[in-house]
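run-v9.cif follows (mmCIF, C-alpha atoms):
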```
data_protein
#
loop_
_atom_site.label_atom_id
_atom_site.label_comp_id
_atom_site.auth_asym_id
_atom_site.auth_seq_id
_atom_site.Cartn_x
_atom_site.Cartn_y
_atom_site.Cartn_z
CA MET A 85 -23.83 18.05 4.96
CA LEU A 86 -20.21 16.88 5.25
CA LYS A 87 -21.20 13.89 7.37
CA ARG A 88 -23.79 12.85 4.80
CA ILE A 89 -21.20 12.96 2.03
CA ILE A 90 -18.87 10.77 4.09
CA VAL A 91 -21.55 8.17 4.79
CA VAL A 92 -22.39 7.89 1.09
CA VAL A 93 -18.73 7.59 0.09
CA PHE A 94 -17.99 4.95 2.71
CA VAL A 95 -21.02 2.86 1.82
CA LEU A 96 -20.28 2.93 -1.91
CA ILE A 97 -16.61 2.07 -1.56
CA SER A 98 -16.39 -0.24 1.45
CA GLY A 99 -18.59 -2.86 -0.19
CA SER A 100 -15.82 -3.66 -2.65
CA ALA A 101 -12.88 -3.06 -0.32
CA LEU A 102 -12.07 -6.70 0.34
CA ALA A 103 -13.09 -8.10 -3.04
CA GLN A 104 -10.43 -6.51 -5.18
CA GLU A 105 -7.10 -7.83 -6.40
CA GLY A 106 -5.42 -4.48 -6.87
CA THR A 107 -2.54 -5.78 -9.01
CA THR A 108 -1.75 -7.65 -12.22
CA SER A 109 1.95 -8.11 -11.47
CA PRO A 110 3.56 -11.56 -11.86
CA TYR A 111 5.80 -10.57 -8.94
CA SER A 112 2.73 -10.75 -6.67
CA PHE A 113 3.14 -14.55 -6.79
CA TYR A 114 6.00 -14.45 -4.31
CA GLY A 115 5.66 -14.25 -0.53
CA ILE A 116 2.19 -13.01 0.41
CA GLY A 117 1.80 -10.76 -2.61
CA GLU A 118 2.72 -7.27 -3.70
CA LEU A 119 3.05 -4.90 -0.75
CA LYS A 120 0.60 -2.01 -1.09
CA PHE A 121 1.65 1.51 -0.15
CA LYS A 122 0.56 2.32 3.39
CA GLY A 123 -0.17 6.00 3.23
CA THR A 124 -2.46 8.68 1.86
CA ALA A 125 -2.55 10.20 -1.61
CA GLU A 126 -0.89 13.25 -0.08
CA ASN A 127 2.06 11.08 1.00
CA ARG A 128 2.26 9.30 -2.35
CA SER A 129 2.41 12.61 -4.20
CA MET A 130 5.54 13.47 -2.18
CA GLY A 131 7.45 10.29 -3.04
CA GLY A 132 5.85 8.42 -0.14
CA ILE A 133 7.45 10.34 2.75
CA SER A 134 5.72 10.26 6.13
CA VAL A 135 7.93 12.64 8.12
CA PHE A 136 5.50 15.55 7.64
CA SER A 137 2.30 15.86 9.67
CA ASP A 138 -0.09 18.71 10.42
CA SER A 139 -3.39 19.45 12.12
CA ILE A 140 -5.76 18.83 9.16
CA HIS A 141 -4.43 15.69 7.42
CA LEU A 142 -4.38 12.17 8.84
CA ASN A 143 -0.98 10.46 8.88
CA ILE A 144 -1.52 6.68 8.61
CA GLN A 145 2.18 5.83 8.16
CA ASN A 146 3.56 7.16 11.44
CA PRO A 147 1.12 6.70 14.35
CA ALA A 148 2.70 9.57 16.29
CA GLY A 149 1.41 12.02 13.66
CA VAL A 150 -2.18 11.49 14.83
CA ALA A 151 -1.41 13.58 17.92
CA ASP A 152 -1.13 16.69 15.70
CA LEU A 153 -4.79 16.55 14.59
CA ARG A 154 -7.02 19.43 15.71
CA LEU A 155 -10.12 18.52 13.70
CA ILE A 156 -12.02 15.30 13.09
CA ASN A 157 -10.62 13.96 9.81
CA TYR A 158 -12.31 11.52 7.46
CA THR A 159 -10.15 10.29 4.63
CA VAL A 160 -10.66 7.83 1.79
CA GLY A 161 -8.41 7.14 -1.18
CA ALA A 162 -8.44 5.12 -4.37
CA SER A 163 -6.08 4.66 -7.31
CA HIS A 164 -5.98 3.55 -10.92
CA LYS A 165 -2.86 1.84 -12.27
CA ARG A 166 -1.92 1.28 -15.90
CA VAL A 167 1.02 -1.03 -16.54
CA LEU A 168 3.00 -1.97 -19.64
CA GLN A 169 4.42 -5.43 -18.94
CA LYS A 170 7.13 -6.57 -21.30
CA THR A 171 9.70 -9.29 -21.81
CA THR A 172 12.37 -9.54 -24.49
CA ASP A 173 9.79 -11.17 -26.81
CA ASP A 174 6.36 -9.79 -25.93
CA LYS A 175 4.44 -7.03 -24.17
CA GLN A 176 0.92 -6.28 -22.92
CA ASN A 177 -1.04 -3.52 -21.18
CA THR A 178 -3.00 -4.11 -17.97
CA THR A 179 -5.05 -1.89 -15.67
CA THR A 180 -6.37 -2.11 -12.12
CA THR A 181 -8.51 0.16 -9.96
CA SER A 182 -8.47 -0.28 -6.20
CA LEU A 183 -9.42 1.21 -2.86
CA ASP A 184 -6.30 2.29 -0.95
CA TYR A 185 -7.60 3.20 2.49
CA LEU A 186 -10.56 4.20 4.66
CA ALA A 187 -9.79 5.98 7.93
CA ILE A 188 -11.07 8.40 10.57
CA GLY A 189 -8.89 10.46 12.92
CA VAL A 190 -10.17 11.89 16.22
CA PRO A 191 -8.26 14.54 18.25
CA MET A 192 -8.60 14.41 22.05
CA GLY A 193 -6.45 17.21 23.45
CA ASP A 194 -2.90 15.91 23.81
CA PHE A 195 -4.15 12.50 22.68
CA GLY A 196 -5.20 11.40 19.21
CA ALA A 197 -6.81 8.28 17.81
CA SER A 198 -7.59 6.86 14.41
CA PHE A 199 -9.00 3.68 12.94
CA GLY A 200 -9.57 2.31 9.48
CA LEU A 201 -8.94 -0.32 6.85
CA ILE A 202 -6.05 -0.73 4.40
CA PRO A 203 -5.49 -3.40 1.72
CA TYR A 204 -1.98 -4.47 2.79
CA THR A 205 -0.86 -6.88 0.06
CA ALA A 206 -2.38 -7.87 -3.29
CA VAL A 207 -2.12 -11.00 -5.45
CA GLY A 208 -3.40 -10.93 -9.01
CA TYR A 209 -1.61 -12.48 -11.96
CA SER A 210 -2.09 -14.79 -14.94
CA ILE A 211 0.96 -16.20 -16.72
CA ARG A 212 1.14 -18.65 -19.60
CA ASN A 213 4.33 -20.55 -20.49
CA GLN A 214 4.83 -22.85 -23.49
CA SER A 215 7.88 -25.07 -23.94
CA ASN A 216 8.46 -28.35 -25.81
CA GLY A 217 4.76 -29.00 -26.29
CA VAL A 218 3.91 -28.35 -22.62
CA THR A 219 1.67 -25.41 -21.71
CA SER A 220 1.57 -24.23 -18.09
CA THR A 221 -0.85 -21.57 -16.89
CA PHE A 222 -0.27 -19.91 -13.52
CA SER A 223 -2.86 -17.66 -11.89
CA GLY A 224 -3.46 -16.16 -8.48
CA GLU A 225 -5.79 -13.86 -6.60
CA GLY A 226 -6.43 -12.48 -3.14
CA GLY A 227 -4.36 -10.57 -0.63
CA LEU A 228 -3.99 -9.43 2.94
CA ASN A 229 -6.00 -6.62 4.56
CA LYS A 230 -5.22 -4.60 7.66
CA ALA A 231 -7.76 -3.21 10.13
CA PHE A 232 -5.95 -0.78 12.42
CA LEU A 233 -6.44 1.23 15.60
CA THR A 234 -3.99 4.03 16.39
CA LEU A 235 -3.37 5.83 19.68
CA ALA A 236 -0.99 8.78 19.97
CA TYR A 237 0.11 11.15 22.73
CA LYS A 238 1.85 14.52 22.57
CA ILE A 239 4.35 14.29 25.44
CA THR A 240 5.53 17.87 24.89
CA PRO A 241 4.50 20.47 22.30
CA LYS A 242 7.51 19.26 20.25
CA PHE A 243 7.52 15.49 20.81
CA SER A 244 4.82 12.87 20.10
CA VAL A 245 4.65 9.09 20.28
CA GLY A 246 2.10 6.60 18.96
CA VAL A 247 1.29 2.96 18.29
CA ASP A 248 -0.77 1.09 15.68
CA VAL A 249 -2.48 -2.17 16.62
CA ASN A 250 -3.27 -4.06 13.40
CA TYR A 251 -5.42 -7.10 12.74
CA ASN A 252 -4.29 -8.67 9.47
CA PHE A 253 -6.60 -11.01 7.57
CA GLY A 254 -7.18 -12.28 4.05
CA ASN A 255 -6.77 -15.22 1.70
CA ILE A 256 -4.58 -16.12 -1.27
CA GLU A 257 -5.19 -18.72 -3.98
CA ASN A 258 -2.55 -19.92 -6.45
CA THR A 259 -3.47 -22.21 -9.36
CA GLN A 260 -1.28 -24.12 -11.81
CA LEU A 261 -2.76 -25.88 -14.85
CA THR A 262 -0.45 -28.02 -17.03
CA ARG A 263 -1.36 -29.46 -20.43
CA ILE A 264 0.62 -31.53 -22.94
CA GLU A 265 0.12 -31.09 -26.67
CA ASN A 266 -2.16 -33.75 -28.25
CA VAL A 267 -3.06 -35.10 -24.79
CA GLN A 268 -6.61 -34.44 -23.64
CA LEU A 269 -5.96 -34.81 -19.91
CA GLY A 270 -4.02 -32.22 -17.95
CA THR A 271 -3.07 -31.71 -14.31
CA LEU A 272 -4.32 -29.10 -11.87
CA GLU A 273 -2.82 -27.90 -8.58
CA VAL A 274 -4.54 -25.34 -6.34
CA ASN A 275 -2.98 -23.92 -3.15
CA LYS A 276 -5.16 -21.84 -0.83
CA SER A 277 -4.20 -20.02 2.36
CA ASP A 278 -6.34 -18.14 4.87
CA LEU A 279 -4.05 -15.65 6.61
CA LEU A 280 -4.48 -14.00 9.98
CA GLY A 281 -2.44 -12.39 12.72
CA PHE A 282 -1.76 -9.27 14.75
CA SER A 283 1.05 -6.78 14.19
CA TYR A 284 2.19 -3.53 15.79
CA ASN A 285 3.81 -0.34 14.57
CA PHE A 286 5.47 2.17 16.90
CA GLY A 287 6.27 5.76 15.96
CA ALA A 288 7.74 9.00 17.26
CA MET A 289 7.88 12.53 15.82
CA TYR A 290 9.82 15.63 16.85
CA LYS A 291 9.24 19.21 15.64
CA THR A 292 11.07 22.38 16.54
CA MET A 293 11.56 25.88 15.14
CA ILE A 294 15.24 26.40 14.33
CA SER A 295 14.72 30.01 13.25
CA GLU A 296 11.87 32.49 13.04
CA ASP A 297 10.64 30.94 9.77
CA LEU A 298 12.11 27.43 9.57
CA GLU A 299 10.79 24.29 11.28
CA LEU A 300 12.73 21.04 11.59
CA MET A 301 10.86 17.70 11.65
CA ALA A 302 12.25 14.25 12.47
CA SER A 303 10.43 10.91 12.64
CA VAL A 304 11.02 7.24 13.27
CA THR A 305 8.78 4.17 13.04
CA TYR A 306 9.48 0.55 13.96
CA THR A 307 7.46 -2.58 13.18
CA PRO A 308 8.61 -5.68 15.11
CA GLU A 309 8.89 -9.10 13.47
CA THR A 310 5.53 -10.88 13.60
CA ASP A 311 4.40 -14.47 13.13
CA PHE A 312 1.27 -14.94 11.02
CA THR A 313 -0.81 -18.09 10.73
CA ALA A 314 -1.60 -19.62 7.34
CA GLU A 315 -4.47 -22.14 7.31
CA ASN A 316 -3.59 -24.07 4.15
CA GLU A 317 -5.49 -26.22 1.67
CA ARG A 318 -4.24 -28.04 -1.43
CA GLN A 319 -6.07 -29.72 -4.29
CA LEU A 320 -4.61 -31.95 -6.98
CA GLY A 321 -6.62 -33.11 -9.93
CA THR A 322 -7.01 -34.17 -13.52
CA VAL A 323 -8.76 -31.95 -16.05
CA LEU A 324 -10.11 -32.59 -19.54
CA SER A 325 -9.07 -30.08 -22.20
CA THR A 326 -11.86 -28.89 -24.47
CA GLY A 327 -12.10 -26.35 -27.25
CA ILE A 328 -13.28 -23.65 -24.82
CA GLY A 329 -11.27 -24.49 -21.71
CA ALA A 330 -10.84 -27.27 -19.17
CA VAL A 331 -13.34 -29.42 -17.24
CA ASN A 332 -12.45 -31.00 -13.91
CA VAL A 333 -12.43 -34.79 -14.12
CA ASP A 334 -11.04 -35.82 -10.73
CA VAL A 335 -10.02 -33.26 -8.12
CA ARG A 336 -9.01 -34.38 -4.63
CA ASP A 337 -8.15 -32.59 -1.42
CA ILE A 338 -4.63 -33.20 -0.13
CA ASP A 339 -3.77 -32.94 3.53
CA VAL A 340 -1.35 -30.10 4.14
CA ALA A 341 -0.33 -28.68 7.50
CA ASP A 342 -1.13 -25.19 8.65
CA THR A 343 2.00 -23.10 8.90
CA GLU A 344 3.45 -20.14 10.75
CA PHE A 345 5.41 -17.70 8.65
CA THR A 346 7.38 -14.68 9.74
CA PHE A 347 6.53 -11.22 8.55
CA PRO A 348 9.79 -9.24 8.76
CA SER A 349 10.61 -6.31 10.99
CA GLN A 350 10.98 -2.82 9.54
CA TYR A 351 12.18 0.61 10.59
CA THR A 352 11.94 4.03 8.92
CA ILE A 353 13.80 7.23 9.77
CA GLY A 354 12.98 10.63 8.27
CA LEU A 355 14.15 14.21 8.42
CA GLY A 356 12.68 17.36 6.88
CA ILE A 357 12.71 21.13 6.99
CA GLY A 358 10.28 23.81 5.89
CA LYS A 359 8.40 27.01 6.51
CA PRO A 360 5.06 26.26 8.21
CA LYS A 361 2.07 26.57 5.87
CA SER A 362 4.35 27.52 2.98
CA TRP A 363 6.82 24.79 1.92
CA PHE A 364 8.49 21.60 3.10
CA ILE A 365 11.09 19.12 1.85
CA GLY A 366 11.98 15.83 3.51
CA ALA A 367 13.83 12.54 3.03
CA GLU A 368 13.34 9.04 4.44
CA TYR A 369 15.09 5.71 4.59
CA THR A 370 13.38 2.36 5.27
CA ASP A 371 15.02 -0.97 6.03
CA GLN A 372 12.97 -4.19 6.06
CA LYS A 373 14.41 -7.58 7.04
CA THR A 374 12.79 -9.47 4.17
CA SER A 375 15.71 -11.94 4.13
CA ASN A 376 13.68 -13.75 6.82
CA PHE A 377 10.70 -14.06 4.49
CA THR A 378 9.42 -17.39 3.13
CA ASN A 379 6.54 -18.60 0.99
CA ARG A 380 3.56 -20.12 2.71
CA THR A 381 3.43 -23.81 1.78
CA PHE A 382 5.73 -24.52 -1.16
CA VAL A 383 9.34 -24.05 -2.20
CA ILE A 384 10.18 -22.17 -5.40
CA GLU A 385 13.46 -22.53 -7.28
CA ASP A 386 15.69 -19.59 -8.29
CA VAL A 387 14.10 -17.28 -5.68
CA ASN A 388 15.91 -15.53 -2.84
CA PHE A 389 14.60 -13.03 -0.32
CA GLN A 390 17.08 -10.32 0.72
CA ASP A 391 16.76 -7.32 3.01
CA ALA A 392 14.78 -4.52 1.36
CA SER A 393 15.59 -0.80 1.36
CA LYS A 394 13.58 2.27 0.36
CA TYR A 395 14.80 5.80 -0.31
CA ARG A 396 12.28 8.66 -0.58
CA ILE A 397 12.51 12.40 -1.15
CA GLY A 398 9.57 14.78 -1.46
CA GLY A 399 7.83 17.93 -0.39
CA PHE A 400 5.17 20.55 -1.08
CA TYR A 401 4.70 24.26 -1.80
CA ILE A 402 1.75 26.57 -1.04
CA PRO A 403 1.89 30.00 -2.76
CA ASN A 404 -0.20 31.80 -0.12
CA TYR A 405 -2.02 29.83 2.57
CA ASN A 406 -4.09 32.87 3.69
CA ALA A 407 -5.09 34.15 0.22
CA ILE A 408 -8.84 34.22 0.81
CA GLY A 409 -9.61 35.90 -2.51
CA SER A 410 -7.33 33.71 -4.67
CA PHE A 411 -8.25 30.04 -4.96
CA TRP A 412 -5.11 28.90 -6.83
CA GLU A 413 -2.74 30.48 -4.33
CA ARG A 414 -4.18 28.19 -1.64
CA VAL A 415 -3.63 25.02 -3.71
CA VAL A 416 -0.93 22.67 -2.37
CA TYR A 417 1.60 21.55 -5.01
CA ARG A 418 3.43 18.31 -4.20
CA GLY A 419 6.24 16.26 -5.76
CA GLY A 420 8.70 13.50 -4.93
CA PHE A 421 10.93 10.60 -5.94
CA ARG A 422 11.45 7.09 -4.57
CA PHE A 423 13.78 4.15 -5.19
CA GLU A 424 13.14 0.73 -3.69
CA GLU A 425 15.23 -2.43 -3.46
CA THR A 426 12.30 -4.80 -2.96
CA GLY A 427 14.39 -7.65 -1.52
CA LEU A 428 13.14 -10.09 -4.18
CA ASN A 429 15.87 -11.78 -6.24
CA LEU A 430 14.81 -13.97 -9.19
CA ARG A 431 17.27 -15.95 -11.31
CA GLY A 432 20.09 -13.86 -9.92
CA GLU A 433 18.38 -10.54 -10.76
CA ASP A 434 17.37 -8.01 -8.09
CA ILE A 435 13.84 -6.70 -8.58
CA ASN A 436 14.06 -2.96 -7.98
CA GLU A 437 11.49 -0.21 -8.40
CA PHE A 438 11.52 3.56 -8.78
CA GLY A 439 8.82 6.19 -9.15
CA ILE A 440 8.47 9.93 -9.72
CA SER A 441 5.28 11.54 -8.39
CA PHE A 442 3.50 14.87 -8.32
CA GLY A 443 0.06 16.13 -7.31
CA VAL A 444 -2.15 18.90 -6.01
CA GLY A 445 -4.34 19.45 -2.97
CA ILE A 446 -7.46 21.44 -3.83
CA PRO A 447 -9.19 23.25 -0.92
CA VAL A 448 -12.94 22.68 -0.48
CA GLY A 449 -15.46 23.61 2.20
CA ARG A 450 -15.09 25.94 5.15
CA ILE A 451 -12.77 24.08 7.56
CA PHE A 452 -9.68 23.11 5.60
CA SER A 453 -11.06 20.07 3.78
CA ASN A 454 -9.42 19.17 0.48
CA ILE A 455 -9.47 16.93 -2.56
CA ASN A 456 -6.08 15.48 -3.47
CA VAL A 457 -5.12 14.30 -6.96
CA GLY A 458 -1.76 12.73 -7.73
CA PHE A 459 0.16 10.97 -10.47
CA GLU A 460 3.17 8.68 -10.50
CA PHE A 461 5.18 7.02 -13.24
CA GLY A 462 8.02 4.54 -12.82
CA LYS A 463 9.46 1.12 -13.48
CA ARG A 464 9.83 -2.21 -11.69
CA GLY A 465 11.82 -5.30 -12.64
CA THR A 466 13.94 -6.14 -15.68
CA THR A 467 13.75 -8.11 -18.93
CA ASN A 468 17.02 -9.94 -18.16
CA ASN A 469 16.94 -13.75 -17.80
CA GLY A 470 13.38 -14.04 -19.08
CA LEU A 471 11.88 -11.76 -16.42
CA VAL A 472 9.19 -9.11 -16.77
CA GLN A 473 9.71 -5.34 -16.71
CA GLU A 474 6.74 -3.24 -15.65
CA ASN A 475 6.43 0.41 -16.69
CA PHE A 476 3.56 1.89 -14.69
CA PHE A 477 1.49 5.05 -14.46
CA ASN A 478 -0.58 5.57 -11.32
CA THR A 479 -3.40 8.01 -10.78
CA PHE A 480 -4.61 8.46 -7.19
CA LEU A 481 -7.44 10.43 -5.67
CA SER A 482 -8.39 11.12 -2.08
CA LEU A 483 -10.85 13.06 0.01
CA SER A 484 -9.53 14.55 3.25
CA LEU A 485 -12.55 16.05 4.97
CA ASN A 486 -12.57 17.81 8.32
CA ASP A 487 -15.37 18.39 10.82
CA ARG A 488 -15.94 19.42 14.43
CA TRP A 489 -17.73 17.27 16.98
CA PHE A 490 -19.27 18.31 20.29
CA GLU A 491 -19.49 21.94 19.17
CA LYS A 492 -22.56 23.98 20.03
CA ARG A 493 -23.77 25.72 16.88
CA TYR A 494 -25.99 28.79 16.89
CA TYR A 495 -26.43 28.75 13.12
CA ASP A 496 -26.44 25.79 10.68
#
```
Starting from the file, give its structure as structure tokens.
Amino acid sequence: MLKRIIVVVFVLISGSALAQEGTTSPYSFYGIGELKFKGTAENRSMGGISVFSDSIHLNIQNPAGVADLRLINYTVGASHKRVLQKTTDDKQNTTTTSLDYLAIGVPMGDFGASFGLIPYTAVGYSIRNQSNGVTSTFSGEGGLNKAFLTLAYKITPKFSVGVDVNYNFGNIENTQLTRIENVQLGTLEVNKSDLLGFSYNFGAMYKTMISEDLELMASVTYTPETDFTAENERQLGTVLSTGIGAVNVDVRDIDVADTEFTFPSQYTIGLGIGKPKSWFIGAEYTDQKTSNFTNRTFVIEDVNFQDASKYRIGGFYIPNYNAIGSFWERVVYRGGFRFEETGLNLRGEDINEFGISFGVGIPVGRIFSNINVGFEFGKRGTTNNGLVQENFFNTFLSLSLNDRWFEKRYYD
């Protein structure tokens, strides 16, 4: 029955996995879009930390965590985001709903493997600017997706290592339409990029009991700097303004070279402590060398890329893991906080982001499967110097379903 549910869920969701924008943020214009969170709803509910792993949940942030699996794990997650975007003069509400991940984890003794699909970056914005009789409309869509294969090995009962091999692919389109008041003809510029390339992520995890009840966990991940290829196209044209929009009059393809751009290196270190199957609290720090980042085919004024940093704290609490007769005592309660220096500097202003999250894991089925629901509210950006501040509220949902393969069953 569980396998049938999984097939239905995957078929319904995977059809739209690559066709979504997943963001309405004007900040997704820069670089290759807004970086999506790489992790499960369980991680997001704990501020995004990845230092914790166990035998029944798939860790897609640190590849070494896959070695802890003891059951086949199918996991799928989606989220809904509501954003209040405001400047000093105006404000608007936007919403997006997107698939966050599809993955399967397979234990193999001291080895573990997983594979799946993650939307990695998202571009989706529409901005209109009017000044001195000139109206400019900027819009964009697309993003980068990541298909991954993870292999992990438990070197000792306390120490595991792992590696992700990722194939990154996608496309991004940016459009600028400029019109002058009382002039019928306007100008159009369209930049398109097909993106592709491989990347790797290495991880290690260490666990040890430091007392009869307390377990210490430590983790590290490292993603080397990677060169991606952008196959670029550009169109320039003239459009005719009408009462209901614009009609292309003369649009021509412009030769533009394909480019290589560098996706920056990143490392994360984490440390946590807890009582197994009862509670856990952990903290993480991430450093990403985004100062090496550039746009794909065009130069933008008043934009600087700096190194990015992320700070995360979170954990969970289970009242009574073995309370067979009490459903609510087996529910997992999660919470966390994060602060991120995104590395994007516009007009001299650093674009930072923070979020506070909480959620629950609801047990279902007979072999430790669960439904996870989480919420997060926070803020990104500022209204200084004509920029946009985004106040957001995220709702995320996941299924983490476990099964056994190659098991002889006497009853079904």
Interatomic distance, CA of Ala197 in chain A to CA of Leu228 in chain A (Å, one decimal)
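Separation between CA of Ala197 in chain A and CA of Leu228 in chain A: 23.3 Å.
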Considering all atoms listed in the file, return as a ChimeraX atom specification whatever protein or nucleic-acid residues lie within 9 Å of Thr172 in chain A, sequence-local ones (same chain, fewer than 3 positions apart) excluded.
/A:175,467-468,470-472
Set out as CSV a contact list for range 286-383 of chain A and range 392-397 of chain A with a cut-off of 8 Å, giving each residue of range 286-383 of chain A that qualifies its closest atom pair and distance in Å to one decimal, counting only C-alpha atoms, ordered by chain and rising residue number.
```
residue,atom,partner,partner_atom,distance
A:Ile365,CA,A:Ile397,CA,7.5
A:Gly366,CA,A:Ile397,CA,5.8
A:Ala367,CA,A:Ile397,CA,4.4
A:Glu368,CA,A:Arg396,CA,5.1
A:Tyr369,CA,A:Tyr395,CA,4.9
A:Thr370,CA,A:Lys394,CA,4.9
A:Asp371,CA,A:Ser393,CA,4.7
A:Gln372,CA,A:Ala392,CA,5.0
A:Lys373,CA,A:Ala392,CA,6.5
A:Thr374,CA,A:Ala392,CA,6.0
A:Ser375,CA,A:Ala392,CA,8.0
```
Mind telling me what the PyMOL selection byres ((chain A and resi 151) around 8) catches here, as a count of residues only?
16
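Running the PyMOL selection byres ((chain A and resi 128) around 9) on this file leaves Phe121, Gly123, Thr124, Ala125, Glu126, Asn127, Ser129, Met130, Gly131, Gly132, Ile133, Gly419, Gly420, Ser441, Phe442, Gly443, Gly458, Phe459, Glu460 and Phe480 of chain A selected.
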d(CA of Ala231 in chain A, CA of Lys120 in chain A) in Å
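We find that CA of Ala231 in chain A and CA of Lys120 in chain A lie 14.0 Å from each other.
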Would you kindly translate the PyMOL selection byres ((chain A and resi 157-170) around 8) into the concrete residues it picks from this file, as a PyMOL selection string?
chain A and resi 90+94+124-125+140-142+153+155-156+171-190+467+472-487
Do a neighbour search on Ile256 in chain A at 8 Å with only C-alpha atoms, toss out local chain neighbours closer than 2 positions, and write the hits as an MDAnalysis selection string.
chainID A and resid 116 207 224:228 254 258 276:279
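CA of Leu235 in chain A is found 10.3 Å from CA of Met192 in chain A.
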May I ask which of the residues A:Ser198, A:Asn436, A:Thr466, A:Ser137 is the closest one to Pro360 in chain A, counting only C-alpha atoms?
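Comparing A:Ser198, A:Asn436, A:Thr466, A:Ser137 against Pro360 in chain A, the winner is A:Ser137.
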Can you build me a table of range 105-213 of chain A residues sitting at most 6 Å from range 286-305 of chain A, with the closest atom pair per residue and its distance in Å to one decimal, using all atoms listed in the file, sorted by chain and residue number, as a tab-separated table?
```
residue	atom	partner	partner_atom	distance
A:Val135	CA	A:Ser303	CA	5.4
A:Asn146	CA	A:Gly287	CA	5.5
A:Pro147	CA	A:Gly287	CA	5.5
A:Ala148	CA	A:Ala288	CA	5.2
```
Residue among A:Glu385, A:Gly321, A:Gln268, A:Ser349 lying closest to Gly432 in chain A, counting all atoms listed in the file
A:Glu385
Render range 106-120 of chain A from the structure in the preceding block as a file of N, CA and C atoms, as a PDB file, in the first residue's frame.
```pdb
ATOM      1  N   GLY A 106       8.810  29.359  -8.483  1.00  0.00           N
ATOM      2  CA  GLY A 106       9.165  29.191  -7.093  1.00  0.00           C
ATOM      3  C   GLY A 106       9.536  30.455  -6.353  1.00  0.00           C
ATOM      4  N   THR A 107       9.473  31.625  -6.978  1.00  0.00           N
ATOM      5  CA  THR A 107       9.800  32.874  -6.307  1.00  0.00           C
ATOM      6  C   THR A 107       9.154  34.033  -7.049  1.00  0.00           C
ATOM      7  N   THR A 108       8.938  35.115  -6.326  1.00  0.00           N
ATOM      8  CA  THR A 108       8.487  36.379  -6.927  1.00  0.00           C
ATOM      9  C   THR A 108       9.416  37.505  -6.508  1.00  0.00           C
ATOM     10  N   SER A 109      10.600  37.171  -6.031  1.00  0.00           N
ATOM     11  CA  SER A 109      11.506  38.163  -5.468  1.00  0.00           C
ATOM     12  C   SER A 109      12.276  38.916  -6.549  1.00  0.00           C
ATOM     13  N   PRO A 110      12.333  40.257  -6.479  1.00  0.00           N
ATOM     14  CA  PRO A 110      13.171  41.004  -7.424  1.00  0.00           C
ATOM     15  C   PRO A 110      14.653  40.679  -7.256  1.00  0.00           C
ATOM     16  N   TYR A 111      15.052  40.175  -6.087  1.00  0.00           N
ATOM     17  CA  TYR A 111      16.447  39.813  -5.879  1.00  0.00           C
ATOM     18  C   TYR A 111      16.835  38.555  -6.650  1.00  0.00           C
ATOM     19  N   SER A 112      15.857  37.834  -7.205  1.00  0.00           N
ATOM     20  CA  SER A 112      16.176  36.665  -8.021  1.00  0.00           C
ATOM     21  C   SER A 112      16.743  37.048  -9.386  1.00  0.00           C
ATOM     22  N   PHE A 113      16.768  38.357  -9.694  1.00  0.00           N
ATOM     23  CA  PHE A 113      17.364  38.822 -10.949  1.00  0.00           C
ATOM     24  C   PHE A 113      18.873  38.603 -10.963  1.00  0.00           C
ATOM     25  N   TYR A 114      19.489  38.663  -9.815  1.00  0.00           N
ATOM     26  CA  TYR A 114      20.950  38.701  -9.743  1.00  0.00           C
ATOM     27  C   TYR A 114      21.537  37.294  -9.721  1.00  0.00           C
ATOM     28  N   GLY A 115      22.756  37.173 -10.309  1.00  0.00           N
ATOM     29  CA  GLY A 115      23.421  35.880 -10.366  1.00  0.00           C
ATOM     30  C   GLY A 115      22.619  34.889 -11.191  1.00  0.00           C
ATOM     31  N   ILE A 116      22.366  33.720 -10.636  1.00  0.00           N
ATOM     32  CA  ILE A 116      21.553  32.702 -11.324  1.00  0.00           C
ATOM     33  C   ILE A 116      20.249  32.477 -10.579  1.00  0.00           C
ATOM     34  N   GLY A 117      19.816  33.491  -9.824  1.00  0.00           N
ATOM     35  CA  GLY A 117      18.524  33.414  -9.172  1.00  0.00           C
ATOM     36  C   GLY A 117      18.634  33.254  -7.665  1.00  0.00           C
ATOM     37  N   GLU A 118      17.487  33.154  -7.050  1.00  0.00           N
ATOM     38  CA  GLU A 118      17.395  32.971  -5.603  1.00  0.00           C
ATOM     39  C   GLU A 118      17.743  31.530  -5.239  1.00  0.00           C
ATOM     40  N   LEU A 119      18.712  31.358  -4.353  1.00  0.00           N
ATOM     41  CA  LEU A 119      19.099  30.021  -3.930  1.00  0.00           C
ATOM     42  C   LEU A 119      17.979  29.390  -3.112  1.00  0.00           C
ATOM     43  N   LYS A 120      17.552  28.214  -3.508  1.00  0.00           N
ATOM     44  CA  LYS A 120      16.532  27.478  -2.769  1.00  0.00           C
ATOM     45  C   LYS A 120      17.190  26.728  -1.616  1.00  0.00           C
TER      46      LYS A 120
END
```
